[in-house]
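Novice: Have a look at this one.
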Amino acid sequence: MTTPDAEQGGVAGDAQATPEDGAPRPEERLERAVRAAEQALIEYEIAVETFRVEIENFSRLHHQKLGPMYARLEELDAQIAEARAAQSGDPEDLRRAQELRARVLPMPSVEELFHGWMDSDGLFPEAVAMLTDRPVQPPQRVRPSEEARKLYRELARKAHPDLAQEEGERKRREEFITRVNTAYARGDVALLRELSEEWAAGPVPEERRPSRSEELYARLEWLVQRKELLTVVARELEEGAIGSMLRLAPDDPDRLLEEIAEQLLADVAAREAELAALTGQA
């Protein structure tokens, strides 16, 4: 989550406008600092949003692909405990068997009652898509393709709301970036291309007018506060269960899912062999 030096260097290296006497304007250095801070914040927000999408996709794919394996393991554990209890008649074994069987048959949750349409934050994106007549397109992999990542970064840098100076322009950018984020979360390259064309054909934002020192200081202070907030969000993402798992395979998170699946399959085979030995079916 770092800002390329080239991005900031380009701002600092712009031609410097000076008054007629050749002396630099008093606000010039502050203006460059604000522009550099804006670019740094945008790059940081892109990094945080990219990581958030990977965490969300990993969590959903983890549930879709590995959920049945975890369910099978829980069922086998219950059957093994029941077989041991039947052989021993020990009260502790019976208690353990009942405990494991209860885990396999939990009370239905809110999510189950709504048939997988709802998570802790509301409706799943797939459910929202169905309710709004948009095609259902769950993520196919943890990390969107390289082309999707490239298009997303380009759009975020061009259309980011933090570059707006007027409230109307900020609102337009916020609505547009929301659509960009949704397309990126799905890895929808075609839609990202369409959004790129739409932005290129849209109204050109007004050029930045020279700001007074007080306005620049206020802007710089806001950017610092926004960066601090994003730092907290990033830390929470990184320290969460899924974020910690993703840190184990930062270069290929999809492969991590495959490795977990391979381990679960081995665990299932071991449990099945243990159960067969207990029930005399080996």
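Just so we're on the same page: first chain in the structure tokens is A, next is B, and so on; residues restart at 1 for each chain, and ligands are numbered from 1 in the order they show up.
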Within 12 Å of Leu100 in chain A, counting only C-alpha atoms, which residues qualify if same-chain residues fewer than 2 places away don't, as a list in words?
Specialist: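 That gives Ala71, Leu73, Glu74, Glu75, Leu76, Asp77, Ala78, Gln79, Ile80, Ala81, Glu82, Ala85, Asp93, Leu94, Arg95, Arg96, Ala97, Gln98, Ala102, Arg103, Val104, Leu105 and Pro106 of chain A.
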Novice: Could you go through range 240-269 of chain A and tell me which residues DSSP, when run on the backbone, assigns to helix (DSSP H, G or I), listing them as a short mmCIF file (atom, residue, chain, number, x, y, z; two decimals) with all heavy atoms, in the first residue's frame?
Specialist:
```cif
data_model
loop_
_atom_site.label_atom_id
_atom_site.label_comp_id
_atom_site.auth_asym_id
_atom_site.auth_seq_id
_atom_site.Cartn_x
_atom_site.Cartn_y
_atom_site.Cartn_z
N ALA A 241 -9.42 -12.75 10.17
CA ALA A 241 -9.11 -14.16 9.89
C ALA A 241 -8.75 -14.38 8.43
O ALA A 241 -7.74 -15.02 8.11
CB ALA A 241 -10.31 -15.03 10.29
N ILE A 242 -9.56 -13.83 7.52
CA ILE A 242 -9.29 -14.03 6.09
C ILE A 242 -8.05 -13.26 5.66
O ILE A 242 -7.23 -13.76 4.89
CB ILE A 242 -10.51 -13.60 5.25
CG1 ILE A 242 -11.73 -14.46 5.62
CG2 ILE A 242 -10.21 -13.74 3.76
CD1 ILE A 242 -11.56 -15.93 5.34
N GLY A 243 -7.89 -12.04 6.17
CA GLY A 243 -6.70 -11.25 5.82
C GLY A 243 -5.44 -11.96 6.26
O GLY A 243 -4.44 -11.96 5.54
N SER A 244 -5.45 -12.58 7.44
CA SER A 244 -4.28 -13.33 7.92
C SER A 244 -3.98 -14.51 7.01
O SER A 244 -2.82 -14.82 6.74
CB SER A 244 -4.53 -13.81 9.35
OG SER A 244 -4.72 -12.71 10.23
N MET A 245 -5.04 -15.18 6.53
CA MET A 245 -4.84 -16.29 5.61
C MET A 245 -4.23 -15.82 4.29
O MET A 245 -3.32 -16.45 3.75
CB MET A 245 -6.16 -17.02 5.35
CG MET A 245 -6.72 -17.76 6.55
SD MET A 245 -8.32 -18.53 6.21
CE MET A 245 -7.81 -19.82 5.06
N LEU A 246 -4.74 -14.70 3.78
CA LEU A 246 -4.24 -14.18 2.51
C LEU A 246 -2.77 -13.78 2.60
O LEU A 246 -2.04 -13.85 1.62
CB LEU A 246 -5.07 -12.98 2.06
CG LEU A 246 -6.43 -13.30 1.44
CD1 LEU A 246 -7.18 -12.03 1.13
CD2 LEU A 246 -6.24 -14.11 0.16
N PRO A 253 -3.28 -16.09 -4.13
CA PRO A 253 -4.29 -16.50 -3.15
C PRO A 253 -5.19 -17.62 -3.63
O PRO A 253 -5.70 -18.40 -2.83
CB PRO A 253 -5.08 -15.20 -2.91
CG PRO A 253 -4.86 -14.39 -4.14
CD PRO A 253 -3.47 -14.70 -4.58
N ASP A 254 -5.38 -17.73 -4.96
CA ASP A 254 -6.22 -18.81 -5.47
C ASP A 254 -5.57 -20.17 -5.22
O ASP A 254 -6.25 -21.16 -4.96
CB ASP A 254 -6.47 -18.62 -6.97
CG ASP A 254 -7.32 -17.38 -7.24
OD1 ASP A 254 -8.55 -17.48 -7.10
OD2 ASP A 254 -6.76 -16.33 -7.55
N ARG A 255 -4.26 -20.22 -5.29
CA ARG A 255 -3.55 -21.46 -5.01
C ARG A 255 -3.72 -21.86 -3.55
O ARG A 255 -3.78 -23.05 -3.23
CB ARG A 255 -2.05 -21.31 -5.35
CG ARG A 255 -1.19 -22.52 -5.00
CD ARG A 255 -1.68 -23.79 -5.67
NE ARG A 255 -1.01 -24.97 -5.17
CZ ARG A 255 -1.45 -26.21 -5.33
NH1 ARG A 255 -2.58 -26.44 -5.96
NH2 ARG A 255 -0.77 -27.22 -4.83
N LEU A 256 -3.83 -20.87 -2.65
CA LEU A 256 -4.03 -21.16 -1.24
C LEU A 256 -5.32 -21.93 -1.03
O LEU A 256 -5.37 -22.88 -0.24
CB LEU A 256 -4.05 -19.86 -0.43
CG LEU A 256 -4.28 -20.00 1.08
CD1 LEU A 256 -3.21 -20.87 1.71
CD2 LEU A 256 -4.32 -18.63 1.73
N LEU A 257 -6.38 -21.54 -1.75
CA LEU A 257 -7.64 -22.28 -1.66
C LEU A 257 -7.45 -23.73 -2.08
O LEU A 257 -7.98 -24.66 -1.47
CB LEU A 257 -8.70 -21.62 -2.54
CG LEU A 257 -9.47 -20.43 -1.96
CD1 LEU A 257 -10.41 -19.87 -3.01
CD2 LEU A 257 -10.24 -20.83 -0.71
N GLU A 258 -6.69 -23.95 -3.15
CA GLU A 258 -6.44 -25.30 -3.64
C GLU A 258 -5.67 -26.12 -2.60
O GLU A 258 -5.96 -27.31 -2.39
CB GLU A 258 -5.67 -25.26 -4.96
CG GLU A 258 -6.44 -24.59 -6.10
CD GLU A 258 -5.60 -24.42 -7.35
OE1 GLU A 258 -4.47 -24.96 -7.36
OE2 GLU A 258 -6.05 -23.76 -8.30
N GLU A 259 -4.70 -25.48 -1.95
CA GLU A 259 -3.92 -26.20 -0.94
C GLU A 259 -4.78 -26.58 0.26
O GLU A 259 -4.66 -27.68 0.80
CB GLU A 259 -2.73 -25.33 -0.50
CG GLU A 259 -1.69 -25.13 -1.59
CD GLU A 259 -0.60 -24.16 -1.16
OE1 GLU A 259 -0.73 -23.57 -0.07
OE2 GLU A 259 0.37 -23.97 -1.92
N ILE A 260 -5.66 -25.66 0.66
CA ILE A 260 -6.56 -25.97 1.77
C ILE A 260 -7.49 -27.11 1.39
O ILE A 260 -7.74 -28.03 2.19
CB ILE A 260 -7.37 -24.73 2.18
CG1 ILE A 260 -6.45 -23.63 2.73
CG2 ILE A 260 -8.43 -25.08 3.23
CD1 ILE A 260 -7.15 -22.32 2.99
N ALA A 261 -7.98 -27.09 0.15
CA ALA A 261 -8.87 -28.16 -0.32
C ALA A 261 -8.15 -29.51 -0.32
O ALA A 261 -8.73 -30.53 0.08
CB ALA A 261 -9.38 -27.83 -1.72
N GLU A 262 -6.90 -29.52 -0.75
CA GLU A 262 -6.13 -30.77 -0.77
C GLU A 262 -5.96 -31.31 0.64
O GLU A 262 -6.08 -32.52 0.88
CB GLU A 262 -4.76 -30.52 -1.42
CG GLU A 262 -4.84 -30.23 -2.92
CD GLU A 262 -3.51 -29.75 -3.49
OE1 GLU A 262 -2.52 -29.69 -2.71
OE2 GLU A 262 -3.45 -29.46 -4.69
N GLN A 263 -5.69 -30.42 1.61
CA GLN A 263 -5.52 -30.85 2.99
C GLN A 263 -6.84 -31.39 3.55
O GLN A 263 -6.86 -32.40 4.26
CB GLN A 263 -5.03 -29.69 3.85
CG GLN A 263 -4.81 -30.06 5.32
CD GLN A 263 -3.80 -31.17 5.50
OE1 GLN A 263 -2.68 -31.08 4.99
NE2 GLN A 263 -4.18 -32.24 6.20
N LEU A 264 -7.94 -30.72 3.22
CA LEU A 264 -9.25 -31.17 3.70
C LEU A 264 -9.60 -32.54 3.12
O LEU A 264 -10.17 -33.39 3.81
CB LEU A 264 -10.33 -30.16 3.34
CG LEU A 264 -10.31 -28.84 4.13
CD1 LEU A 264 -11.35 -27.88 3.59
CD2 LEU A 264 -10.55 -29.11 5.61
N LEU A 265 -9.28 -32.76 1.85
CA LEU A 265 -9.54 -34.07 1.24
C LEU A 265 -8.74 -35.16 1.94
O LEU A 265 -9.25 -36.28 2.15
CB LEU A 265 -9.20 -34.03 -0.26
CG LEU A 265 -10.18 -33.26 -1.15
CD1 LEU A 265 -9.63 -33.15 -2.57
CD2 LEU A 265 -11.54 -33.97 -1.17
N ALA A 266 -7.51 -34.84 2.30
CA ALA A 266 -6.69 -35.82 3.02
C ALA A 266 -7.29 -36.09 4.40
O ALA A 266 -7.31 -37.25 4.86
CB ALA A 266 -5.26 -35.29 3.15
N ASP A 267 -7.79 -35.04 5.06
CA ASP A 267 -8.42 -35.22 6.37
C ASP A 267 -9.68 -36.08 6.26
O ASP A 267 -9.94 -36.94 7.11
CB ASP A 267 -8.78 -33.86 6.97
CG ASP A 267 -7.55 -33.05 7.35
OD1 ASP A 267 -6.46 -33.65 7.47
OD2 ASP A 267 -7.69 -31.82 7.52
N VAL A 268 -10.46 -35.85 5.21
CA VAL A 268 -11.67 -36.64 5.00
C VAL A 268 -11.31 -38.11 4.81
O VAL A 268 -11.94 -39.01 5.39
CB VAL A 268 -12.46 -36.11 3.78
CG1 VAL A 268 -13.54 -37.12 3.35
CG2 VAL A 268 -13.11 -34.77 4.09
N ALA A 269 -10.28 -38.38 3.99
CA ALA A 269 -9.87 -39.77 3.75
C ALA A 269 -9.42 -40.44 5.04
O ALA A 269 -9.73 -41.62 5.30
CB ALA A 269 -8.75 -39.80 2.71
#
```
Novice: Choose the residue, out of A:Ala40, A:Leu30, A:Ile55, A:Val142, that has the smallest atom-to-atom separation from Ala234 in chain A; count only C-alpha atoms.
Specialist: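 Going through A:Ala40, A:Leu30, A:Ile55, A:Val142 one by one, the smallest distance to Ala234 in chain A is for A:Ile55.
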Novice: Could you state the separation of CA of Tyr70 in chain A and CA of Leu278 in chain A in Å, given to one decimal place?
Specialist: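 So the two atoms, CA of Tyr70 in chain A and CA of Leu278 in chain A, lie 21.3 Å apart.
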Novice: Skip range 165-182 of chain A itself and residues of its chain fewer than 6 positions away, then list as a PyMOL selection string all residues within 7 Å of it, counting only C-alpha atoms.
Specialist: chain A and resi 152+156+159+192
Novice: Applying 12 Å and only C-alpha atoms, which residues near Ile46 in chain A remain after dropping the ones on its own chain fewer than 3 positions away? List them as a PyMOL selection string.
Specialist: chain A and resi 1-3+39-43+49-53+149-160+177+180-181+184+230+234
Novice: For a quick check of understanding, using only C-alpha atoms, which of A:Met69, A:His62, A:Glu56, A:Glu31 has the smallest distance to Arg271 in chain A?
Specialist: A:Met69
Novice: Hey, what's within 7 Å of range 211-225 of chain A if we count only C-alpha atoms and toss same-chain stuff fewer than 3 positions away? As a ChimeraX atom specification, please?
Specialist: /A:27,30-31,34,37-38,228-229
Novice: Could you turn the residues from that selection into a file that holds all heavy atoms, as a PDB file, in the first residue's frame?
Specialist:
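Ended up saving to part-v4.pdb:
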```pdb
ATOM      1  N   GLU A  27       2.021  30.438  -1.920  1.00  0.00           N
ATOM      2  CA  GLU A  27       1.233  29.216  -1.788  1.00  0.00           C
ATOM      3  C   GLU A  27       1.754  28.072  -2.646  1.00  0.00           C
ATOM      4  O   GLU A  27       1.249  26.957  -2.569  1.00  0.00           O
ATOM      5  CB  GLU A  27      -0.223  29.482  -2.188  1.00  0.00           C
ATOM      6  CG  GLU A  27      -0.926  30.549  -1.377  1.00  0.00           C
ATOM      7  CD  GLU A  27      -0.735  31.921  -1.985  1.00  0.00           C
ATOM      8  OE1 GLU A  27       0.047  32.036  -2.956  1.00  0.00           O
ATOM      9  OE2 GLU A  27      -1.346  32.887  -1.473  1.00  0.00           O
ATOM     10  N   LEU A  30       2.979  24.885  -0.879  1.00  0.00           N
ATOM     11  CA  LEU A  30       1.851  24.235  -0.208  1.00  0.00           C
ATOM     12  C   LEU A  30       0.939  23.555  -1.219  1.00  0.00           C
ATOM     13  O   LEU A  30       0.427  22.459  -0.980  1.00  0.00           O
ATOM     14  CB  LEU A  30       1.076  25.272   0.602  1.00  0.00           C
ATOM     15  CG  LEU A  30      -0.048  24.735   1.504  1.00  0.00           C
ATOM     16  CD1 LEU A  30       0.486  23.689   2.466  1.00  0.00           C
ATOM     17  CD2 LEU A  30      -0.681  25.901   2.262  1.00  0.00           C
ATOM     18  N   GLU A  31       0.737  24.199  -2.365  1.00  0.00           N
ATOM     19  CA  GLU A  31      -0.083  23.596  -3.413  1.00  0.00           C
ATOM     20  C   GLU A  31       0.529  22.280  -3.880  1.00  0.00           C
ATOM     21  O   GLU A  31      -0.180  21.280  -4.075  1.00  0.00           O
ATOM     22  CB  GLU A  31      -0.231  24.558  -4.591  1.00  0.00           C
ATOM     23  CG  GLU A  31      -1.175  25.714  -4.325  1.00  0.00           C
ATOM     24  CD  GLU A  31      -1.242  26.665  -5.494  1.00  0.00           C
ATOM     25  OE1 GLU A  31      -0.368  26.563  -6.406  1.00  0.00           O
ATOM     26  OE2 GLU A  31      -2.147  27.514  -5.516  1.00  0.00           O
ATOM     27  N   VAL A  34      -0.114  19.627  -1.289  1.00  0.00           N
ATOM     28  CA  VAL A  34      -1.501  19.147  -1.300  1.00  0.00           C
ATOM     29  C   VAL A  34      -1.724  18.190  -2.464  1.00  0.00           C
ATOM     30  O   VAL A  34      -2.338  17.130  -2.308  1.00  0.00           O
ATOM     31  CB  VAL A  34      -2.479  20.341  -1.367  1.00  0.00           C
ATOM     32  CG1 VAL A  34      -3.896  19.850  -1.661  1.00  0.00           C
ATOM     33  CG2 VAL A  34      -2.460  21.111  -0.052  1.00  0.00           C
ATOM     34  N   ALA A  37      -0.142  14.933  -1.707  1.00  0.00           N
ATOM     35  CA  ALA A  37      -0.912  14.215  -0.686  1.00  0.00           C
ATOM     36  C   ALA A  37      -2.168  13.611  -1.283  1.00  0.00           C
ATOM     37  O   ALA A  37      -2.575  12.503  -0.926  1.00  0.00           O
ATOM     38  CB  ALA A  37      -1.268  15.163   0.459  1.00  0.00           C
ATOM     39  N   GLU A  38      -2.808  14.331  -2.197  1.00  0.00           N
ATOM     40  CA  GLU A  38      -3.999  13.799  -2.865  1.00  0.00           C
ATOM     41  C   GLU A  38      -3.668  12.528  -3.634  1.00  0.00           C
ATOM     42  O   GLU A  38      -4.384  11.516  -3.541  1.00  0.00           O
ATOM     43  CB  GLU A  38      -4.585  14.853  -3.811  1.00  0.00           C
ATOM     44  CG  GLU A  38      -5.294  15.992  -3.111  1.00  0.00           C
ATOM     45  CD  GLU A  38      -5.767  17.059  -4.068  1.00  0.00           C
ATOM     46  OE1 GLU A  38      -5.268  17.101  -5.221  1.00  0.00           O
ATOM     47  OE2 GLU A  38      -6.633  17.854  -3.671  1.00  0.00           O
ATOM     48  N   GLU A 228      -5.314   8.563   7.959  1.00  0.00           N
ATOM     49  CA  GLU A 228      -5.320   7.886   9.263  1.00  0.00           C
ATOM     50  C   GLU A 228      -6.501   6.926   9.364  1.00  0.00           C
ATOM     51  O   GLU A 228      -6.374   5.814   9.888  1.00  0.00           O
ATOM     52  CB  GLU A 228      -5.372   8.928  10.382  1.00  0.00           C
ATOM     53  CG  GLU A 228      -4.096   9.747  10.510  1.00  0.00           C
ATOM     54  CD  GLU A 228      -4.212  10.856  11.544  1.00  0.00           C
ATOM     55  OE1 GLU A 228      -5.360  11.082  12.024  1.00  0.00           O
ATOM     56  OE2 GLU A 228      -3.200  11.489  11.854  1.00  0.00           O
ATOM     57  N   LEU A 229      -7.662   7.342   8.855  1.00  0.00           N
ATOM     58  CA  LEU A 229      -8.838   6.476   8.877  1.00  0.00           C
ATOM     59  C   LEU A 229      -8.606   5.232   8.031  1.00  0.00           C
ATOM     60  O   LEU A 229      -8.928   4.110   8.439  1.00  0.00           O
ATOM     61  CB  LEU A 229     -10.057   7.254   8.369  1.00  0.00           C
ATOM     62  CG  LEU A 229     -11.355   6.442   8.213  1.00  0.00           C
ATOM     63  CD1 LEU A 229     -11.810   5.913   9.567  1.00  0.00           C
ATOM     64  CD2 LEU A 229     -12.446   7.310   7.592  1.00  0.00           C
TER      65      LEU A 229
END
```
